[in-house]
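**Q** If it helps, the file is called work.txt and holds compact mmCIF, C-alpha atoms:
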# COMPACT_ATOMS: atom_id res chain seq x y z
CA MET A 1 0.00 0.00 0.00
CA LEU A 2 2.81 2.38 0.88
CA HIS A 3 4.65 1.67 -2.36
CA THR A 4 1.46 2.27 -4.34
CA ALA A 5 0.98 5.65 -2.70
CA LEU A 6 4.61 6.57 -3.39
CA VAL A 7 4.31 5.56 -7.06
CA LEU A 8 1.12 7.62 -7.46
CA GLY A 9 2.73 10.59 -5.76
CA SER A 10 5.79 10.30 -8.00
CA ALA A 11 3.59 10.15 -11.10
CA ILE A 12 1.77 13.33 -10.05
CA PHE A 13 5.03 15.22 -9.52
CA ILE A 14 6.72 13.97 -12.71
CA LEU A 15 3.71 14.57 -14.99
CA PRO A 16 4.37 18.33 -15.50
CA PHE A 17 7.97 17.61 -16.50
CA LEU A 18 6.88 14.91 -18.95
CA TRP A 19 4.33 17.33 -20.43
CA LEU A 20 7.08 19.96 -20.77
CA LEU A 21 9.32 17.47 -22.58
CA SER A 22 6.48 16.28 -24.80
CA THR A 23 5.43 19.81 -25.75
CA SER A 24 9.01 20.71 -26.66
CA LEU A 25 8.91 18.00 -29.34
CA LYS A 26 5.48 18.74 -30.84
CA TYR A 27 4.57 20.33 -34.14
CA ASP A 28 2.60 23.58 -34.27
CA ASP A 29 -0.63 21.97 -35.49
CA GLN A 30 -0.59 19.62 -32.49
CA MET A 31 -0.29 22.39 -29.90
CA LYS A 32 -3.95 23.40 -30.15
CA ALA A 33 -5.39 19.91 -30.60
CA PHE A 34 -8.34 19.01 -28.41
CA PRO A 35 -8.39 16.77 -26.56
CA PRO A 36 -4.68 17.41 -25.82
CA GLN A 37 -2.28 14.83 -27.22
CA PHE A 38 0.64 13.71 -25.09
CA VAL A 39 2.77 11.90 -27.68
CA PRO A 40 4.35 14.16 -30.35
CA MET A 41 2.97 13.12 -33.73
CA LYS A 42 3.45 14.48 -37.23
CA SER A 43 0.68 14.67 -39.81
CA VAL A 44 1.21 12.42 -42.83
CA THR A 45 1.13 14.46 -46.04
CA VAL A 46 1.30 13.81 -49.75
CA ARG A 47 2.11 16.21 -52.58
CA THR A 48 -0.85 16.69 -54.89
CA GLY A 49 -0.96 19.34 -57.59
CA GLY A 50 2.21 20.91 -56.25
CA GLU A 51 0.80 21.31 -52.71
CA GLU A 52 1.23 19.32 -49.51
CA GLN A 53 -2.09 17.87 -48.33
CA ASN A 54 -2.89 16.00 -45.15
CA VAL A 55 -3.85 12.33 -45.35
CA TYR A 56 -7.04 11.13 -43.63
CA ARG A 57 -8.64 7.76 -43.03
CA THR A 58 -12.31 7.10 -43.67
CA PRO A 59 -14.38 4.89 -41.35
CA ASP A 60 -13.61 1.88 -43.60
CA GLY A 61 -9.85 2.54 -43.44
CA THR A 62 -9.37 4.10 -46.87
CA ARG A 63 -6.62 6.70 -47.05
CA VAL A 64 -7.90 9.86 -48.69
CA THR A 65 -7.13 13.55 -49.18
CA VAL A 66 -9.63 16.40 -48.87
CA THR A 67 -10.20 18.23 -52.15
CA ALA A 68 -12.93 20.71 -51.16
CA LYS A 69 -15.26 21.66 -48.35
CA GLN A 70 -19.04 21.44 -48.75
CA PRO A 71 -21.99 22.89 -46.86
CA GLY A 72 -23.31 21.05 -43.84
CA GLY A 73 -19.95 19.98 -42.48
CA ARG A 74 -19.17 17.71 -45.40
CA VAL A 75 -16.04 17.46 -47.55
CA SER A 76 -15.07 16.00 -50.89
CA VAL A 77 -12.36 13.35 -50.65
CA LEU A 78 -10.30 11.38 -53.13
CA PRO A 79 -8.50 8.11 -52.39
CA LEU A 80 -4.73 8.26 -52.61
CA GLY A 81 -3.46 7.67 -56.12
CA VAL A 82 -6.75 8.78 -57.71
CA SER A 83 -6.73 12.11 -59.55
CA ASP A 84 -10.07 11.95 -61.37
CA PRO A 85 -12.42 14.50 -59.70
CA ALA A 86 -15.40 12.42 -60.88
CA LYS A 87 -14.47 9.72 -58.36
CA ALA A 88 -14.60 12.10 -55.40
CA GLN A 89 -16.83 11.12 -52.48
CA SER A 90 -18.78 13.31 -50.10
CA LEU A 91 -18.27 12.47 -46.40
CA LEU A 92 -18.86 14.11 -43.07
CA GLU A 93 -15.70 15.92 -41.99
CA SER A 94 -16.16 14.63 -38.44
CA SER A 95 -15.96 11.04 -39.68
CA LEU A 96 -12.41 11.48 -41.00
CA GLU A 97 -9.41 10.73 -38.83
CA GLN A 98 -6.20 12.55 -39.61
CA GLU A 99 -3.31 10.14 -40.07
CA ARG A 100 -0.28 10.82 -37.89
CA VAL A 101 3.00 9.06 -37.18
CA PHE A 102 5.31 9.32 -34.18
CA ARG A 103 8.02 11.81 -35.13
CA PRO A 104 9.45 14.22 -32.51
CA ARG A 105 10.35 17.65 -33.82
CA TRP A 106 13.92 18.06 -32.58
CA GLU A 107 14.22 21.23 -34.63
CA ASN A 108 12.44 23.10 -31.81
CA TYR A 109 15.68 22.99 -29.81
CA THR A 110 17.93 24.32 -32.57
CA GLU A 111 15.40 26.98 -33.57
CA ALA A 112 15.08 28.11 -29.94
CA LEU A 113 18.82 28.80 -29.88
CA GLU A 114 18.72 30.53 -33.25
CA PHE A 115 15.89 32.84 -32.13
CA LEU A 116 17.96 34.21 -29.24
CA PRO A 117 19.42 37.71 -29.76
CA PRO A 118 22.70 37.65 -31.73
CA GLU A 119 24.71 38.99 -28.78
CA TYR A 120 23.85 35.81 -26.82
CA LEU A 121 25.92 33.67 -29.25
CA ARG A 122 23.24 30.96 -29.47
CA GLY A 123 22.98 30.77 -25.69
CA LEU A 124 26.70 30.29 -25.00
CA LEU A 125 27.13 33.70 -23.35
CA PRO A 126 24.28 33.29 -20.81
CA LEU A 127 25.51 29.75 -20.16
CA TRP A 128 29.02 30.99 -19.40
CA ASN A 129 27.66 33.72 -17.11
CA THR A 130 25.56 31.17 -15.23
CA LEU A 131 28.43 28.70 -14.86
CA TYR A 132 30.74 31.48 -13.65
CA ILE A 133 28.25 32.70 -11.05
CA THR A 134 27.33 29.19 -9.92
CA ALA A 135 30.93 28.02 -9.51
CA LEU A 136 31.96 31.04 -7.44
CA SER A 137 28.78 30.85 -5.35
CA ILE A 138 29.40 27.20 -4.51
CA LEU A 139 33.05 27.77 -3.61
CA GLY A 140 32.27 30.80 -1.49
CA LEU A 141 29.35 29.18 0.30
CA LEU A 142 31.24 25.97 1.07
CA PHE A 143 34.29 27.74 2.46
CA SER A 144 32.58 30.49 4.46
CA SER A 145 29.73 28.37 5.84
CA SER A 146 31.95 25.46 6.85
CA LEU A 147 34.50 27.77 8.48
CA ALA A 148 31.83 29.60 10.49
CA ALA A 149 30.14 26.31 11.40
CA TYR A 150 33.44 24.92 12.69
CA ALA A 151 33.94 28.00 14.83
CA PHE A 152 30.45 27.71 16.32
CA ALA A 153 30.71 23.95 16.90
CA ARG A 154 34.28 23.32 18.08
CA LEU A 155 35.93 26.55 19.18
CA ARG A 156 35.27 28.26 22.48
CA TRP A 157 35.08 32.06 22.43
CA PRO A 158 33.10 34.71 24.34
CA GLY A 159 29.52 35.17 23.16
CA ARG A 160 29.57 32.13 20.88
CA ASP A 161 26.08 30.88 21.76
CA THR A 162 24.61 34.40 21.69
CA PHE A 163 25.98 35.09 18.23
CA PHE A 164 24.71 31.73 17.04
CA VAL A 165 21.18 32.58 18.21
CA ILE A 166 21.43 35.93 16.43
CA LEU A 167 22.59 34.11 13.30
CA LEU A 168 19.58 31.80 13.41
CA ALA A 169 17.30 34.79 13.99
CA THR A 170 18.39 36.26 10.66
CA MET A 171 16.58 33.37 8.96
CA MET A 172 13.30 34.95 10.10
CA LEU A 173 13.94 38.14 8.09
CA PRO A 174 12.09 38.23 4.74
CA ALA A 175 14.31 38.85 1.73
CA ALA A 176 12.28 41.95 0.85
CA VAL A 177 13.40 43.65 4.08
CA THR A 178 17.10 43.52 3.16
CA MET A 179 16.71 44.00 -0.60
CA LEU A 180 16.98 47.80 -0.63
CA PRO A 181 19.87 48.12 1.89
CA VAL A 182 21.86 45.47 0.03
CA PHE A 183 21.22 47.25 -3.27
CA LEU A 184 22.46 50.53 -1.80
CA ILE A 185 25.62 48.82 -0.55
CA PHE A 186 26.36 47.33 -3.96
CA ARG A 187 25.67 50.66 -5.64
CA TRP A 188 28.10 52.37 -3.25
CA LEU A 189 30.70 49.74 -4.15
CA GLY A 190 30.10 50.37 -7.87
CA TRP A 191 29.03 46.79 -8.51
CA ILE A 192 25.75 47.51 -10.30
CA ASP A 193 25.63 45.95 -13.79
CA THR A 194 28.38 43.49 -12.85
CA LEU A 195 28.27 39.84 -11.87
CA ARG A 196 29.76 40.46 -8.41
CA PRO A 197 26.45 41.00 -6.55
CA LEU A 198 25.35 37.55 -7.71
CA TRP A 199 28.27 35.61 -6.21
CA ALA A 200 30.05 37.82 -3.66
CA PRO A 201 27.39 37.39 -0.89
CA ALA A 202 28.10 33.64 -0.93
CA PHE A 203 31.51 34.35 0.64
CA LEU A 204 29.70 35.73 3.71
CA GLY A 205 28.03 32.41 4.49
CA SER A 206 24.41 31.34 4.86
CA ALA A 207 22.58 30.94 8.16
CA PHE A 208 20.88 27.69 7.18
CA ASN A 209 24.04 26.13 5.79
CA ILE A 210 26.05 27.18 8.84
CA PHE A 211 23.44 25.55 11.06
CA LEU A 212 23.43 22.39 8.96
CA LEU A 213 27.22 22.04 8.98
CA ARG A 214 27.45 22.91 12.68
CA GLN A 215 25.14 20.03 13.51
CA PHE A 216 27.38 17.71 11.53
CA PHE A 217 30.53 18.99 13.21
CA MET A 218 28.98 18.34 16.61
CA THR A 219 28.48 14.63 15.80
CA ILE A 220 32.22 14.10 15.33
CA PRO A 221 33.95 12.73 18.46
CA MET A 222 36.16 15.19 20.32
CA GLU A 223 38.90 12.55 20.49
CA LEU A 224 39.79 13.12 16.84
CA GLU A 225 40.30 16.83 17.38
CA GLU A 226 42.27 16.26 20.59
CA ALA A 227 44.56 13.82 18.80
CA ALA A 228 45.21 16.44 16.13
CA LYS A 229 46.09 19.00 18.81
CA ILE A 230 48.55 16.56 20.40
CA ASP A 231 50.21 16.15 16.99
CA GLY A 232 50.67 19.93 16.86
CA SER A 233 47.91 20.83 14.38
CA SER A 234 46.57 24.38 14.48
CA PRO A 235 42.80 24.97 14.61
CA PHE A 236 42.71 25.77 10.87
CA THR A 237 44.77 22.68 10.00
CA THR A 238 42.42 20.54 12.10
CA TYR A 239 39.43 22.09 10.33
CA TRP A 240 40.93 21.65 6.86
CA ARG A 241 42.58 18.23 7.07
CA ILE A 242 40.58 16.42 9.78
CA MET A 243 37.07 17.83 10.06
CA LEU A 244 36.13 18.68 6.48
CA PRO A 245 36.73 15.15 5.09
CA LEU A 246 34.39 13.79 7.79
CA ILE A 247 31.42 15.93 6.78
CA LYS A 248 31.39 15.16 3.05
CA PRO A 249 27.66 14.24 3.03
CA ALA A 250 26.73 17.62 4.48
CA LEU A 251 29.07 19.43 2.08
CA ALA A 252 27.45 17.56 -0.81
CA ALA A 253 24.00 18.65 0.34
CA VAL A 254 25.15 22.27 0.62
CA THR A 255 26.73 22.05 -2.84
CA ILE A 256 23.53 20.76 -4.43
CA MET A 257 21.35 23.40 -2.77
CA ALA A 258 23.81 26.15 -3.70
CA PHE A 259 23.93 24.95 -7.30
CA MET A 260 20.14 24.87 -7.64
CA GLY A 261 19.69 28.24 -5.97
CA SER A 262 22.36 29.98 -8.05
CA TRP A 263 21.37 28.33 -11.34
CA ASN A 264 17.70 29.31 -10.95
CA ASN A 265 18.34 32.77 -9.47
CA PHE A 266 16.10 35.24 -11.29
CA MET A 267 15.57 38.09 -8.83
CA GLY A 268 19.28 38.90 -8.53
CA PRO A 269 19.92 39.51 -12.26
CA LEU A 270 16.63 41.41 -12.49
CA ILE A 271 17.81 43.86 -9.82
CA TYR A 272 21.54 44.24 -10.51
CA ILE A 273 22.10 43.51 -14.22
CA ASN A 274 21.30 45.90 -17.06
CA SER A 275 23.48 44.72 -19.94
CA PRO A 276 22.11 41.83 -22.05
CA GLN A 277 25.63 40.40 -22.40
CA LYS A 278 25.82 39.81 -18.64
CA MET A 279 22.48 38.05 -18.24
CA PRO A 280 22.40 34.46 -16.93
CA LEU A 281 20.17 31.74 -18.33
CA SER A 282 17.26 32.42 -15.98
CA TYR A 283 16.82 35.98 -17.22
CA ALA A 284 17.56 35.04 -20.84
CA LEU A 285 14.69 32.55 -20.64
CA TYR A 286 12.40 35.30 -19.35
CA LEU A 287 13.34 37.54 -22.28
CA PHE A 288 12.80 34.65 -24.68
CA GLN A 289 9.34 34.09 -23.23
CA GLY A 290 8.44 37.74 -23.75
CA ALA A 291 9.61 37.73 -27.37
CA HIS A 292 8.44 34.25 -28.44
CA GLY A 293 5.75 33.32 -25.93
CA GLY A 294 3.45 32.26 -28.77
CA GLU A 295 5.96 29.67 -30.01
CA GLN A 296 5.11 27.04 -27.41
CA GLY A 297 7.34 24.36 -28.86
CA MET A 298 10.45 26.55 -28.85
CA LEU A 299 9.59 28.00 -25.43
CA MET A 300 9.30 24.54 -23.89
CA ALA A 301 12.51 23.47 -25.63
CA ALA A 302 14.37 26.46 -24.16
CA SER A 303 12.91 25.72 -20.72
CA THR A 304 14.05 22.10 -20.99
CA LEU A 305 17.59 23.15 -21.90
CA VAL A 306 17.77 25.47 -18.89
CA MET A 307 16.30 22.87 -16.53
CA LEU A 308 18.32 19.87 -17.76
CA PRO A 309 21.59 20.58 -15.86
CA VAL A 310 19.69 20.92 -12.56
CA LEU A 311 17.90 17.63 -13.12
CA LEU A 312 21.12 15.83 -14.02
CA VAL A 313 22.96 17.17 -10.98
CA PHE A 314 20.17 16.20 -8.62
CA PHE A 315 19.68 12.80 -10.26
CA PHE A 316 23.33 11.80 -9.88
CA THR A 317 23.80 13.33 -6.41
CA GLN A 318 20.46 12.70 -4.71
CA ARG A 319 22.02 10.01 -2.50
CA TYR A 320 24.46 12.51 -1.03
CA PHE A 321 21.73 15.13 -0.74
CA ILE A 322 19.44 12.86 1.28
CA GLN A 323 22.36 11.63 3.37
CA GLY A 324 23.38 15.16 4.20
CA ILE A 325 19.90 16.41 5.07
CA THR A 326 19.17 13.48 7.38
CA LEU A 327 22.34 14.30 9.38
CA THR A 328 23.67 10.76 9.50
CA GLY A 329 27.02 11.87 10.97
CA LEU A 330 29.92 9.43 11.18
CA LYS A 331 29.94 5.97 9.76
CA GLY A 332 32.09 3.20 11.14
So, in terms of C-alpha cells, how does the structure I just supplied come out?

**A**
Amino acid sequence: MLHTALVLGSAIFILPFLWLLSTSLKYDDQMKAFPPQFVPMKSVTVRTGGEEQNVYRTPDGTRVTVTAKQPGGRVSVLPLGVSDPAKAQSLLESSLEQERVFRPRWENYTEALEFLPPEYLRGLLPLWNTLYITALSILGLLFSSSLAAYAFARLRWPGRDTFFVILLATMMLPAAVTMLPVFLIFRWLGWIDTLRPLWAPAFLGSAFNIFLLRQFFMTIPMELEEAAKIDGSSPFTTYWRIMLPLIKPALAAVTIMAFMGSWNNFMGPLIYINSPQKMPLSYALYLFQGAHGGEQGMLMAASTLVMLPVLLVFFFTQRYFIQGITLTGLKG
C-alpha cells in the first residue's frame, strides 16, 4: 500500500515535466489539438498538384485527401493515387481521422537557440555567465559556511552561543526587508551591472548552511580533534585536514542546494544587471518568453535546456543530498 501511494505521488510530480518534454517535441498543429495529445505526432502528407495535403482515413480505413469543403460539415475526398475528380466522395468531416505518425520535432531545440538575440551567441554567453556565477557561489558558500560552522561547533570564544542565536534569527527576516539596503551597498561599491552581486554574498556564508554544517561537526567525536592537537595541528589545519573530510555528506547537500539556488536565481539579475551580455540563463529565458511566448514548442525546448543541468545534478547526487539532510554523521 505504501509503495502504491509513493508511485502515485511520484507520477503526479513527474507529470508536469513529462508534459514539458512532450510539448518541446510537438509540431505547431498539435499544440492546439483538443483533446490534448501527449505523444508528439506528425501529420502524414502527400504532394498533390504541387501542394502538400494531409492524409485522412475514412471509417472503412481508406486513405484519402480532402479536395474541397461542402456545406453542412461535409467534404469531398479522393482516395490516394486517384486524380479523377469524378471519383470524389462526399463524407462528413467529423468522420475522417487525420493520419499521424510518431516523429518528434527536434528542430524546436535548434530553432530556440537561433531565435535568441545575436549577442547571446546561441545561448553560449548566458551559459558561461551562469556557470561562472554558480561556480563562485558554490566555492564561497562551502568555504565560508563550513569555516563559520566549525567556529560555532568546536571553538570556544566569548559570546559564541549568543551570536549563534542571532545568526539563526536572521533566517526569520524576509528577503524583501534587506533588498533595498543590500542594493544601496552594492551601488556604493560600484558593482551595479556586474556579476559580483550575484556571487560575492556567498563568501559571507548562509545561516541555514552554517546551522546544517554545525550540527554535523557536533556529531564528530572530540577525540579526533584532541589527537590532532597533540600532533601539533593548528585549529585551521584541524578544520581543513581532519574535520572537512568527515562531513562530506553535508558538504554535498550544501553544494547541491547552492547549485540549484544559483542556477535558478532570477531576482538577482533582475535587480543588478542591465546589460544583455551579462544576463544568466534564468533571465535570458524570461526575455525569450516575452519575445516568443506564442511559439510554445520553442519556449518549452528552451525551458528544458535550462532545466536539464539541474535535473542531471540532482539525479546523480540525490544520494548525497538525502544523506546530508538526514544528518547521519559518522559511519564506522

**Q** So the first atom is atom CA of A:Pro79 and the second is atom CA of A:Val101; what is the distance between them in Å, to one decimal place?

**A**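 Separation of atom CA of A:Pro79 and atom CA of A:Val101: 19.1 Å.
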
**Q** Could you tell me which of A:Ala228, A:Met298, A:Val64, A:Ile166 comes closest to A:Val44 if we count only C-alpha atoms?

**A** A:Val64

**Q** For a cutoff of 10 Å around the file-coordinate point (-6.1, 16.9, -39.5), which residues qualify once you count only C-alpha atoms? I'd like the result as a VMD selection string.

**A** chain A and resid 29 to 30 33 43 to 44 53 to 56 93 96 to 100

**Q** Please save C-alpha atoms of the selected residues as an mmCIF file, keeping the file's coordinate frame.

**A**
data_model
loop_
_atom_site.group_PDB
_atom_site.id
_atom_site.type_symbol
_atom_site.label_atom_id
_atom_site.label_comp_id
_atom_site.auth_asym_id
_atom_site.auth_seq_id
_atom_site.Cartn_x
_atom_site.Cartn_y
_atom_site.Cartn_z
ATOM 1 C CA ASP A 29 -0.630 21.970 -35.490
ATOM 2 C CA GLN A 30 -0.590 19.620 -32.490
ATOM 3 C CA ALA A 33 -5.390 19.910 -30.600
ATOM 4 C CA SER A 43 0.680 14.670 -39.810
ATOM 5 C CA VAL A 44 1.210 12.420 -42.830
ATOM 6 C CA GLN A 53 -2.090 17.870 -48.330
ATOM 7 C CA ASN A 54 -2.890 16.000 -45.150
ATOM 8 C CA VAL A 55 -3.850 12.330 -45.350
ATOM 9 C CA TYR A 56 -7.040 11.130 -43.630
ATOM 10 C CA GLU A 93 -15.700 15.920 -41.990
ATOM 11 C CA LEU A 96 -12.410 11.480 -41.000
ATOM 12 C CA GLU A 97 -9.410 10.730 -38.830
ATOM 13 C CA GLN A 98 -6.200 12.550 -39.610
ATOM 14 C CA GLU A 99 -3.310 10.140 -40.070
ATOM 15 C CA ARG A 100 -0.280 10.820 -37.890
#

**Q** Which residues of stretch 222-309 of chain A sit at most 12 Å from stretch 192-212 of chain A, using all atoms listed in the file? Give each one's shortest atom pair and distance in Å (one decimal place), in chain and ascending residue order, as a Markdown table.

**A**
| residue | atom | partner | partner_atom | distance |
| --- | --- | --- | --- | --- |
| A:Ile247 | CA | A:Leu212 | CA | 10.5 |
| A:Pro249 | CA | A:Leu212 | CA | 10.9 |
| A:Ala250 | CA | A:Leu212 | CA | 7.3 |
| A:Leu251 | CA | A:Asn209 | CA | 9.2 |
| A:Ala252 | CA | A:Asn209 | CA | 11.3 |
| A:Ala253 | CA | A:Asn209 | CA | 9.3 |
| A:Val254 | CA | A:Asn209 | CA | 6.5 |
| A:Thr255 | CA | A:Asn209 | CA | 9.9 |
| A:Ile256 | CA | A:Asn209 | CA | 11.6 |
| A:Met257 | CA | A:Asn209 | CA | 9.4 |
| A:Ala258 | CA | A:Ala202 | CA | 9.1 |
| A:Phe259 | CA | A:Ala202 | CA | 11.6 |
| A:Gly261 | CA | A:Leu198 | CA | 11.0 |
| A:Ser262 | CA | A:Leu198 | CA | 8.1 |
| A:Trp263 | CA | A:Leu198 | CA | 10.7 |
| A:Asn264 | CA | A:Leu198 | CA | 11.7 |
| A:Asn265 | CA | A:Leu198 | CA | 8.7 |
| A:Phe266 | CA | A:Leu198 | CA | 10.2 |
| A:Met267 | CA | A:Leu198 | CA | 9.9 |
| A:Gly268 | CA | A:Leu198 | CA | 6.3 |
| A:Pro269 | CA | A:Leu198 | CA | 7.4 |
| A:Leu270 | CA | A:Asp193 | CA | 10.2 |
| A:Ile271 | CA | A:Ile192 | CA | 8.8 |
| A:Tyr272 | CA | A:Ile192 | CA | 5.3 |
| A:Ile273 | CA | A:Asp193 | CA | 4.3 |
| A:Asn274 | CA | A:Asp193 | CA | 5.4 |
| A:Ser275 | CA | A:Asp193 | CA | 6.6 |
| A:Pro276 | CA | A:Asp193 | CA | 9.9 |
| A:Gln277 | CA | A:Asp193 | CA | 10.2 |
| A:Lys278 | CA | A:Leu195 | CA | 7.2 |
| A:Met279 | CA | A:Leu195 | CA | 8.8 |
| A:Pro280 | CA | A:Leu195 | CA | 9.4 |

**Q** For A:Phe314, which residue among A:Leu246, A:Val39, A:Met260, A:Trp191 is the nearest when counting only C-alpha atoms?

**A**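 Selected residue with least distance to A:Phe314: A:Met260.
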
**Q** Nearest to A:Ser22 among A:Asn108, A:Thr134, A:Gln89, A:Thr65, with distances taken over all atoms listed in the file: which residue is it?

**A**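 Looking only at the distances to A:Ser22, the closest residue turns out to be A:Asn108.
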
**Q** Which residues are near A:Leu281? Cut-off 9 Å, all atoms listed in the file, ignore same chain within fewer than 2 positions. Put them as a tab-separated table (two decimals) with C-alpha atoms, in the frame of the given file.

**A**
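Result file follows (selection_14.tsv):
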chain	number	residue	atom	x	y	z
A	123	GLY	CA	22.98	30.77	-25.69
A	125	LEU	CA	27.13	33.70	-23.35
A	126	PRO	CA	24.28	33.29	-20.81
A	127	LEU	CA	25.51	29.75	-20.16
A	128	TRP	CA	29.02	30.99	-19.40
A	129	ASN	CA	27.66	33.72	-17.11
A	130	THR	CA	25.56	31.17	-15.23
A	263	TRP	CA	21.37	28.33	-11.34
A	264	ASN	CA	17.70	29.31	-10.95
A	266	PHE	CA	16.10	35.24	-11.29
A	279	MET	CA	22.48	38.05	-18.24
A	283	TYR	CA	16.82	35.98	-17.22
A	284	ALA	CA	17.56	35.04	-20.84
A	285	LEU	CA	14.69	32.55	-20.64
A	286	TYR	CA	12.40	35.30	-19.35
A	306	VAL	CA	17.77	25.47	-18.89

**Q** Pick from A:Val7, A:Met179, A:Leu21, A:Leu311: nearest to A:Trp106, with all atoms listed in the file counted?

**A**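 Selected residue with least distance to A:Trp106: A:Leu21.
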
**Q** Please provide the set of residues having any atom within 8 Å of A:Lys42, restricted to only C-alpha atoms, with same-chain residues fewer than 3 positions apart removed, written as a PyMOL selection string.

**A** chain A and resi 26-27+100-104

**Q** Using all atoms listed in the file, which protein or nucleic acid residues come within 12 Å of A:His292? Drop anything in the same chain fewer than 2 positions from it, and give the result as a list in words.

**A**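 The neighbour list is Glu111, Ala112, Leu113, Glu114, Phe115, Leu116, Pro117, Ala284, Leu285, Tyr286, Leu287, Phe288, Gln289, Gly290, Gly294, Glu295, Gln296, Gly297, Met298, Leu299, Met300, Ala301 and Ala302 of chain A.
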
**Q** Atom CA of A:Thr317 to atom CA of A:Gly140: how many Å, to one decimal?

**A**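 Atom-to-atom, atom CA of A:Thr317 to atom CA of A:Gly140, that is 20.0 Å.
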
**Q** Quick one: distance from atom CA of A:Lys87 to atom CA of A:Thr48 in Å, one decimal?

**A** 15.7 Å

**Q** So which one's closest to A:Leu20, A:Arg63, A:Pro40, A:Phe34, A:Phe216? Using all atoms listed in the file, please.

**A**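 Using all atoms listed in the file, the shortest distance to A:Leu20 belongs to A:Pro40.
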
**Q** At a cut-off of 12 Å, using only C-alpha atoms, what residues contact A:Thr238? Leave out same-chain residues fewer than 4 positions from it and give the result as a PyMOL selection string.

**A** chain A and resi 147+150-151+154-155+222+224-234+242-246
